[in-house]
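Below is one structure, written out as C-alpha cells; comments come after it.
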2 protein chains.
Amino acid sequence: MPKLDLDTIPQSNATGYPPPFDAPVAGRWYRRLGPATGLTDFGVSHVVLKPGAWSSQRHWHIGEDEFLVMISGEAVLIDDAGEHLLRAGDCASFPKGEENGHHLQNRSDTDCVFVVVGGGTDLGGSYPDIDMRWTADDRYVHKDGTPY
Amino acid sequence: MPKLDLDTIPQSNATGYPPPFDAPVAGRWYRRLGPATGLTDFGVSHVVLKPGAWSSQRHWHIGEDEFLVMISGEAVLIDDAGEHLLRAGDCASFPKGEENGHHLQNRSDTDCVFVVVGGGTDLGGSYPDIDMRWTADDRYVHKDGTPY
C-alpha cells in the first residue's frame, strides 16, 4: 500500500559518531523509509528532532545531493551563511560538493519533524567544526585520516 | 543559500497531456526545485493543488521510484487498493515497476501542498484508466503505440 503507516516502520536514534560528537544527536529519531517501502533510487528518512537535538554534526557531502522539507515544528538551519529558521513547508537544498557545512538544531521546546532525501554516491564528506570527516567506505576518521 | 525562497522559483501549470486528459491537471501548480537549486541526483517538485485539481492522470513508472509527503491541506490518494486520505505529514512511496496506478485528487475547498521526489531512469510508464502511456523518450502515445 503506497500510503505509509509510519508507526510500523522502525525508529532509531542510533549513530556511528564517536563520543563526544554523538551526544547532540541522541534526540534525533529517524525512520529509513526507502528500505521499508521498496525505494532504491534515493534514500529518504523521516526524522523527529526532540527539543535540543541536532540533525547531525554540521557536515557536507562530496558525492550526494541532499534535500529536506520541514513538516511540523521549527528548527534552525545553520550553514556558512549564518542561521535560518525553518518552519512547516520550508525547504532546503544541499548540492553535493558544495563545502558549506549545514545542520539543523531544534532550539524550541517541542518536537520538530522533517523529511530528508539523499541521492548520488557516498564518497564521504567532512565536518567543518570538528576534527572529523567520513570516508567513502563509511568510516569516521580525524582530518589527517587517523581512525576514531 | 540552502534555504529556498520558493517565491523566486518559477511556478507552472504546464502539461504535455493531450486533451481531454490535460483538463484535470490545470489546477496543478508546480515548481521544479532540483534544477533551481543545483540538485541533479534526483528530481524534486513542490506542488500546489487547487481545489478540484488532480496531481496527474493515474499512472505508474517503469524505471523511476517516486515518494511524496503532504505539507498542508489534504488530498485523496487513489490507487488499485482504493482511496486513502493524505493530510500534513502523511507520506507515500511508489516503487518503480509496480503496476499500481496512483494519483492525488484535491476534493477539498482549499489548496493542498506536497513535495514529490523522483529518481532512477525514465523508461516510460502507463495510465491504467485511459488509452495512454508514455515512452522512454517522453512521448504520449495510445496503448498500441500510435502517437497523440
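Labeling convention for the C-alpha cells: chains A, B, ... as they appear, residues from 1 per chain, ligands from 1 in order of appearance.
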Quick one: residues within 12 Å of Val115 in chain B, only C-alpha atoms, excluding same-chain residues fewer than 2 positions away - as an mmCIF file with N, CA, C and O atoms, in the first residue's frame?
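The new file result32.cif reads:
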data_model
loop_
_atom_site.group_PDB
_atom_site.id
_atom_site.type_symbol
_atom_site.label_atom_id
_atom_site.label_comp_id
_atom_site.auth_asym_id
_atom_site.auth_seq_id
_atom_site.Cartn_x
_atom_site.Cartn_y
_atom_site.Cartn_z
ATOM 1 N N PHE A 67 18.284 17.027 0.221
ATOM 2 C CA PHE A 67 17.137 17.944 0.191
ATOM 3 C C PHE A 67 16.303 17.677 1.432
ATOM 4 O O PHE A 67 16.122 16.519 1.820
ATOM 5 N N LEU A 68 15.778 18.735 2.053
ATOM 6 C CA LEU A 68 14.885 18.493 3.191
ATOM 7 C C LEU A 68 13.698 19.433 3.158
ATOM 8 O O LEU A 68 13.770 20.549 2.624
ATOM 9 N N VAL A 69 12.603 18.953 3.721
ATOM 10 C CA VAL A 69 11.397 19.757 3.864
ATOM 11 C C VAL A 69 10.873 19.588 5.288
ATOM 12 O O VAL A 69 10.772 18.465 5.802
ATOM 13 N N MET A 70 10.593 20.710 5.934
ATOM 14 C CA MET A 70 10.051 20.674 7.291
ATOM 15 C C MET A 70 8.570 20.325 7.232
ATOM 16 O O MET A 70 7.831 20.858 6.389
ATOM 17 N N ILE A 71 8.143 19.463 8.153
ATOM 18 C CA ILE A 71 6.747 19.031 8.198
ATOM 19 C C ILE A 71 6.002 19.707 9.340
ATOM 20 O O ILE A 71 4.857 20.127 9.188
ATOM 21 N N GLY A 89 6.760 23.487 5.857
ATOM 22 C CA GLY A 89 6.688 23.871 4.458
ATOM 23 C C GLY A 89 7.975 24.446 3.908
ATOM 24 O O GLY A 89 8.141 24.525 2.693
ATOM 25 N N ASP A 90 8.902 24.843 4.789
ATOM 26 C CA ASP A 90 10.184 25.366 4.304
ATOM 27 C C ASP A 90 11.051 24.227 3.769
ATOM 28 O O ASP A 90 11.049 23.111 4.321
ATOM 29 N N CYS A 91 11.799 24.535 2.716
ATOM 30 C CA CYS A 91 12.646 23.547 2.041
ATOM 31 C C CYS A 91 14.088 24.035 2.011
ATOM 32 O O CYS A 91 14.349 25.240 2.043
ATOM 33 N N PHE A 114 10.885 16.492 10.094
ATOM 34 C CA PHE A 114 11.232 16.796 8.703
ATOM 35 C C PHE A 114 11.477 15.510 7.940
ATOM 36 O O PHE A 114 11.654 14.433 8.517
ATOM 37 N N VAL A 115 11.447 15.645 6.602
ATOM 38 C CA VAL A 115 11.807 14.558 5.696
ATOM 39 C C VAL A 115 13.060 14.994 4.956
ATOM 40 O O VAL A 115 13.150 16.141 4.496
ATOM 41 N N VAL A 116 14.034 14.091 4.876
ATOM 42 C CA VAL A 116 15.286 14.409 4.180
ATOM 43 C C VAL A 116 15.563 13.328 3.139
ATOM 44 O O VAL A 116 15.362 12.136 3.390
ATOM 45 N N VAL A 117 15.997 13.782 1.952
ATOM 46 C CA VAL A 117 16.250 12.899 0.812
ATOM 47 C C VAL A 117 17.720 12.997 0.442
ATOM 48 O O VAL A 117 18.288 14.099 0.447
ATOM 49 N N TRP B 29 -0.100 23.383 -9.771
ATOM 50 C CA TRP B 29 0.938 24.408 -9.938
ATOM 51 C C TRP B 29 2.220 23.910 -9.280
ATOM 52 O O TRP B 29 2.291 23.740 -8.068
ATOM 53 N N TYR B 30 3.232 23.663 -10.113
ATOM 54 C CA TYR B 30 4.442 23.021 -9.600
ATOM 55 C C TYR B 30 5.679 23.882 -9.814
ATOM 56 O O TYR B 30 5.758 24.695 -10.737
ATOM 57 N N ARG B 31 6.638 23.680 -8.912
ATOM 58 C CA ARG B 31 7.971 24.267 -9.027
ATOM 59 C C ARG B 31 8.981 23.121 -9.068
ATOM 60 O O ARG B 31 8.958 22.262 -8.180
ATOM 61 N N ARG B 32 9.859 23.122 -10.053
ATOM 62 C CA ARG B 32 10.932 22.130 -10.151
ATOM 63 C C ARG B 32 12.092 22.624 -9.287
ATOM 64 O O ARG B 32 12.794 23.563 -9.654
ATOM 65 N N LEU B 33 12.285 22.006 -8.135
ATOM 66 C CA LEU B 33 13.284 22.519 -7.187
ATOM 67 C C LEU B 33 14.696 22.050 -7.510
ATOM 68 O O LEU B 33 15.667 22.699 -7.133
ATOM 69 N N GLY B 34 14.827 20.904 -8.192
ATOM 70 C CA GLY B 34 16.161 20.380 -8.484
ATOM 71 C C GLY B 34 16.969 21.342 -9.350
ATOM 72 O O GLY B 34 18.006 21.867 -8.917
ATOM 73 N N GLY B 43 15.013 14.163 -8.810
ATOM 74 C CA GLY B 43 14.127 15.276 -9.104
ATOM 75 C C GLY B 43 13.245 15.552 -7.909
ATOM 76 O O GLY B 43 12.878 14.627 -7.178
ATOM 77 N N VAL B 44 12.922 16.821 -7.670
ATOM 78 C CA VAL B 44 12.030 17.149 -6.559
ATOM 79 C C VAL B 44 11.170 18.339 -6.973
ATOM 80 O O VAL B 44 11.688 19.323 -7.514
ATOM 81 N N SER B 45 9.879 18.192 -6.764
ATOM 82 C CA SER B 45 8.934 19.250 -7.116
ATOM 83 C C SER B 45 8.096 19.631 -5.910
ATOM 84 O O SER B 45 7.709 18.769 -5.106
ATOM 85 N N HIS B 46 7.811 20.923 -5.830
ATOM 86 C CA HIS B 46 6.893 21.487 -4.833
ATOM 87 C C HIS B 46 5.595 21.765 -5.585
ATOM 88 O O HIS B 46 5.603 22.471 -6.595
ATOM 89 N N VAL B 47 4.494 21.179 -5.121
ATOM 90 C CA VAL B 47 3.248 21.219 -5.898
ATOM 91 C C VAL B 47 2.117 21.782 -5.053
ATOM 92 O O VAL B 47 1.902 21.348 -3.915
ATOM 93 N N VAL B 48 1.400 22.743 -5.628
ATOM 94 C CA VAL B 48 0.149 23.245 -5.044
ATOM 95 C C VAL B 48 -0.987 22.717 -5.914
ATOM 96 O O VAL B 48 -1.002 22.957 -7.122
ATOM 97 N N LEU B 49 -1.887 21.980 -5.282
ATOM 98 C CA LEU B 49 -3.081 21.502 -5.999
ATOM 99 C C LEU B 49 -4.264 22.365 -5.593
ATOM 100 O O LEU B 49 -4.660 22.385 -4.419
ATOM 101 N N SER B 55 -3.219 15.540 -9.314
ATOM 102 C CA SER B 55 -1.759 15.646 -9.419
ATOM 103 C C SER B 55 -1.265 15.169 -10.778
ATOM 104 O O SER B 55 -0.165 15.547 -11.219
ATOM 105 N N GLU B 66 9.230 6.841 -6.793
ATOM 106 C CA GLU B 66 8.548 8.117 -6.507
ATOM 107 C C GLU B 66 8.165 8.121 -5.029
ATOM 108 O O GLU B 66 7.767 7.089 -4.470
ATOM 109 N N PHE B 67 8.284 9.294 -4.403
ATOM 110 C CA PHE B 67 7.952 9.455 -2.988
ATOM 111 C C PHE B 67 7.295 10.810 -2.818
ATOM 112 O O PHE B 67 7.716 11.790 -3.437
ATOM 113 N N LEU B 68 6.258 10.857 -1.981
ATOM 114 C CA LEU B 68 5.673 12.170 -1.710
ATOM 115 C C LEU B 68 5.342 12.328 -0.243
ATOM 116 O O LEU B 68 5.075 11.352 0.469
ATOM 117 N N VAL B 69 5.379 13.594 0.181
ATOM 118 C CA VAL B 69 4.995 13.936 1.554
ATOM 119 C C VAL B 69 4.076 15.154 1.486
ATOM 120 O O VAL B 69 4.360 16.126 0.789
ATOM 121 N N MET B 70 2.935 15.055 2.177
ATOM 122 C CA MET B 70 1.989 16.174 2.226
ATOM 123 C C MET B 70 2.502 17.214 3.202
ATOM 124 O O MET B 70 2.973 16.883 4.302
ATOM 125 N N ILE B 71 2.370 18.472 2.812
ATOM 126 C CA ILE B 71 2.839 19.588 3.642
ATOM 127 C C ILE B 71 1.674 20.295 4.316
ATOM 128 O O ILE B 71 1.738 20.658 5.489
ATOM 129 N N SER B 72 0.617 20.539 3.555
ATOM 130 C CA SER B 72 -0.547 21.215 4.136
ATOM 131 C C SER B 72 -1.780 20.877 3.319
ATOM 132 O O SER B 72 -1.680 20.454 2.161
ATOM 133 N N ALA B 88 -1.346 16.609 6.261
ATOM 134 C CA ALA B 88 0.013 17.092 6.504
ATOM 135 C C ALA B 88 0.823 16.059 7.286
ATOM 136 O O ALA B 88 0.377 15.562 8.328
ATOM 137 N N GLY B 89 1.982 15.738 6.784
ATOM 138 C CA GLY B 89 2.867 14.772 7.414
ATOM 139 C C GLY B 89 2.733 13.367 6.874
ATOM 140 O O GLY B 89 3.609 12.534 7.120
ATOM 141 N N ASP B 90 1.650 13.078 6.148
ATOM 142 C CA ASP B 90 1.494 11.739 5.567
ATOM 143 C C ASP B 90 2.445 11.570 4.384
ATOM 144 O O ASP B 90 2.680 12.501 3.612
ATOM 145 N N CYS B 91 2.958 10.353 4.251
ATOM 146 C CA CYS B 91 3.938 10.023 3.210
ATOM 147 C C CYS B 91 3.418 8.863 2.368
ATOM 148 O O CYS B 91 2.633 8.034 2.842
ATOM 149 N N ALA B 92 3.892 8.779 1.135
ATOM 150 C CA ALA B 92 3.552 7.657 0.263
ATOM 151 C C ALA B 92 4.745 7.322 -0.618
ATOM 152 O O ALA B 92 5.458 8.218 -1.069
ATOM 153 N N CYS B 112 -4.030 22.284 -1.436
ATOM 154 C CA CYS B 112 -3.132 21.412 -0.680
ATOM 155 C C CYS B 112 -1.749 21.523 -1.302
ATOM 156 O O CYS B 112 -1.594 21.916 -2.463
ATOM 157 N N VAL B 113 -0.740 21.227 -0.488
ATOM 158 C CA VAL B 113 0.660 21.382 -0.916
ATOM 159 C C VAL B 113 1.401 20.098 -0.586
ATOM 160 O O VAL B 113 1.249 19.554 0.514
ATOM 161 N N VAL B 117 9.295 13.487 -4.926
ATOM 162 C CA VAL B 117 10.672 13.189 -5.318
ATOM 163 C C VAL B 117 10.645 12.034 -6.309
ATOM 164 O O VAL B 117 9.882 11.075 -6.133
ATOM 165 N N GLY B 118 11.472 12.123 -7.349
ATOM 166 C CA GLY B 118 11.593 11.035 -8.314
ATOM 167 C C GLY B 118 13.053 10.743 -8.588
ATOM 168 O O GLY B 118 13.880 11.660 -8.654
#
Exercise for review: Using only C-alpha atoms, determine which residues of chain B fall within 7 Å of chain A; present them as a count of residues only.
Suggested key: 18
Exercise for review: Identify all residues of chain A in strand (DSSP E or B) (DSSP on the backbone) and supply them as JSON, numbers by chain.
Suggested key: {"A": [3, 12, 28, 29, 30, 31, 32, 43, 44, 45, 46, 47, 48, 49, 54, 59, 60, 61, 64, 65, 66, 67, 68, 69, 70, 71, 72, 74, 75, 76, 77, 78, 79, 82, 83, 84, 85, 86, 87, 91, 92, 93, 94, 102, 103, 104, 105, 112, 113, 114, 115, 116, 117, 118, 119, 120, 125, 126, 127, 132, 133, 134, 140, 141, 147]}
Just to be explicit: take each residue in the selection above, keep C-alpha atoms, and write the result as a tab-separated table (two decimals), in the first residue's frame.
chain	number	residue	atom	x	y	z
A	3	LYS	CA	0.44	5.33	1.87
A	12	SER	CA	16.12	4.60	15.79
A	28	ARG	CA	17.32	12.54	16.66
A	29	TRP	CA	14.79	9.75	15.98
A	30	TYR	CA	14.75	8.62	12.37
A	31	ARG	CA	12.95	6.14	10.16
A	32	ARG	CA	14.60	4.94	6.93
A	43	GLY	CA	17.35	7.49	0.28
A	44	VAL	CA	14.60	9.13	2.32
A	45	SER	CA	14.31	9.48	6.06
A	46	HIS	CA	11.53	10.73	8.32
A	47	VAL	CA	13.14	12.46	11.29
A	48	VAL	CA	11.79	13.66	14.65
A	49	LEU	CA	14.15	16.05	16.44
A	54	TRP	CA	20.73	18.34	16.33
A	59	HIS	CA	28.62	18.49	7.53
A	60	TRP	CA	28.73	18.46	3.74
A	61	HIS	CA	28.75	15.60	1.20
A	64	GLU	CA	25.48	13.10	-2.60
A	65	ASP	CA	22.79	15.73	-3.13
A	66	GLU	CA	20.58	16.34	-0.09
A	67	PHE	CA	17.14	17.94	0.19
A	68	LEU	CA	14.89	18.49	3.19
A	69	VAL	CA	11.40	19.76	3.86
A	70	MET	CA	10.05	20.67	7.29
A	71	ILE	CA	6.75	19.03	8.20
A	72	SER	CA	5.97	20.43	11.63
A	74	GLU	CA	10.63	24.50	13.74
A	75	ALA	CA	14.39	24.24	13.67
A	76	VAL	CA	17.34	26.49	12.97
A	77	LEU	CA	19.36	25.67	9.86
A	78	ILE	CA	22.99	26.63	10.37
A	79	ASP	CA	25.42	26.92	7.48
A	82	GLY	CA	24.50	32.02	9.24
A	83	GLU	CA	21.23	30.92	10.83
A	84	HIS	CA	17.87	30.48	9.10
A	85	LEU	CA	14.62	29.48	10.80
A	86	LEU	CA	12.79	26.60	9.10
A	87	ARG	CA	9.06	26.15	9.70
A	91	CYS	CA	12.65	23.55	2.04
A	92	ALA	CA	16.44	23.45	1.77
A	93	SER	CA	18.79	22.05	-0.89
A	94	PHE	CA	22.39	21.00	-0.39
A	102	HIS	CA	24.99	22.52	7.44
A	103	HIS	CA	22.77	21.02	10.08
A	104	LEU	CA	19.56	21.68	12.00
A	105	GLN	CA	19.21	22.48	15.69
A	112	CYS	CA	10.05	19.14	15.03
A	113	VAL	CA	9.61	16.75	12.12
A	114	PHE	CA	11.23	16.80	8.70
A	115	VAL	CA	11.81	14.56	5.70
A	116	VAL	CA	15.29	14.41	4.18
A	117	VAL	CA	16.25	12.90	0.81
A	118	GLY	CA	19.71	11.85	-0.33
A	119	GLY	CA	20.92	10.65	-3.72
A	120	GLY	CA	24.10	10.01	-5.66
A	125	GLY	CA	32.42	14.24	3.40
A	126	SER	CA	33.56	16.50	6.16
A	127	TYR	CA	32.58	18.29	9.38
A	132	MET	CA	36.36	14.58	11.83
A	133	ARG	CA	35.47	13.51	8.31
A	134	TRP	CA	33.93	10.36	6.89
A	140	TYR	CA	34.79	8.21	10.81
A	141	VAL	CA	38.36	9.46	10.89
A	147	PRO	CA	40.71	6.35	12.73
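In terms of minimum interatomic distance to Gly27 in chain B, B:Asn13 ranks closest within B:Thr8, B:Thr146, B:Asn13, B:Ser56, counting only C-alpha atoms.
The residue set within 9 Å of Asp129 in chain B, counting only C-alpha atoms and dropping same-chain residues fewer than 5 places from it, reads Gln57, Arg58, His59 and Gly101 of chain B.
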Filtering to N, CA, C and O atoms, could you give me those residues as a PDB file, in the first residue's frame?
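Contents of part-v4.pdb, as written:
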ATOM      1  N   GLN B  57      -2.804  12.234 -14.268  1.00  0.00           N
ATOM      2  CA  GLN B  57      -3.642  11.071 -14.511  1.00  0.00           C
ATOM      3  C   GLN B  57      -3.070   9.917 -13.677  1.00  0.00           C
ATOM      4  O   GLN B  57      -1.888   9.897 -13.341  1.00  0.00           O
ATOM      5  N   ARG B  58      -3.912   8.964 -13.312  1.00  0.00           N
ATOM      6  CA  ARG B  58      -3.436   7.825 -12.511  1.00  0.00           C
ATOM      7  C   ARG B  58      -2.416   7.064 -13.358  1.00  0.00           C
ATOM      8  O   ARG B  58      -2.693   6.697 -14.502  1.00  0.00           O
ATOM      9  N   HIS B  59      -1.215   6.857 -12.797  1.00  0.00           N
ATOM     10  CA  HIS B  59      -0.067   6.384 -13.586  1.00  0.00           C
ATOM     11  C   HIS B  59       0.871   5.540 -12.735  1.00  0.00           C
ATOM     12  O   HIS B  59       0.806   5.562 -11.502  1.00  0.00           O
ATOM     13  N   GLY B 101      -1.316   1.958 -10.531  1.00  0.00           N
ATOM     14  CA  GLY B 101      -1.553   3.360 -10.898  1.00  0.00           C
ATOM     15  C   GLY B 101      -2.025   4.176  -9.708  1.00  0.00           C
ATOM     16  O   GLY B 101      -2.841   3.709  -8.917  1.00  0.00           O
TER      17      GLY B 101
END
Per DSSP on the backbone, filter range 8-111 of chain B down to the residues in helix (DSSP H, G or I) and report them as a compact mmCIF listing (two decimals) with N, CA, C and O atoms, in the first residue's frame.
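Below you can see selection.txt, which holds the result:
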# COMPACT_ATOMS: atom_id res chain seq x y z
N THR B 8 10.80 32.79 -5.43
CA THR B 8 11.72 33.16 -6.52
C THR B 8 11.85 32.04 -7.56
O THR B 8 12.55 32.22 -8.57
N ALA B 23 -7.19 18.55 -18.81
CA ALA B 23 -8.10 19.39 -18.03
C ALA B 23 -7.98 19.16 -16.51
O ALA B 23 -7.92 20.14 -15.74
N PRO B 24 -7.94 17.91 -16.03
CA PRO B 24 -7.92 17.71 -14.58
C PRO B 24 -6.64 18.22 -13.88
O PRO B 24 -6.64 18.37 -12.66
N VAL B 25 -5.56 18.46 -14.65
CA VAL B 25 -4.32 18.93 -14.02
C VAL B 25 -4.10 20.44 -14.23
O VAL B 25 -3.02 20.95 -13.90
N LEU B 33 12.29 22.01 -8.14
CA LEU B 33 13.28 22.52 -7.19
C LEU B 33 14.70 22.05 -7.51
O LEU B 33 15.67 22.70 -7.13
N GLY B 34 14.83 20.90 -8.19
CA GLY B 34 16.16 20.38 -8.48
C GLY B 34 16.97 21.34 -9.35
O GLY B 34 18.01 21.87 -8.92
N PRO B 35 16.50 21.59 -10.58
CA PRO B 35 17.26 22.50 -11.45
C PRO B 35 17.46 23.88 -10.82
O PRO B 35 18.50 24.51 -11.01
N ALA B 36 16.48 24.34 -10.06
CA ALA B 36 16.55 25.70 -9.49
C ALA B 36 17.59 25.79 -8.38
O ALA B 36 18.04 26.90 -8.06
N THR B 37 17.98 24.65 -7.82
CA THR B 37 18.84 24.72 -6.64
C THR B 37 20.10 23.87 -6.76
O THR B 37 20.81 23.66 -5.77
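Of the residues listed (B:Ile9, B:Ala26, B:Leu123, B:Ala136), B:Ala26 shows the shortest atom-to-atom separation from Lys50 in chain B; distances use only C-alpha atoms.
Picture a line from CA of Pro51 in chain B to CA of Asn106 in chain B; it runs 5.4 Å.
For Pro18 in chain B, the set of protein, DNA and RNA residues having any atom at most 7 Å away, when counting only C-alpha atoms and skipping those fewer than 3 positions along the same chain, is Phe21, Asp22 and Tyr148 of chain B.
Taking CA of Ile130 in chain B and CA of Gly73 in chain B as the two end points, the separation is 27.9 Å.
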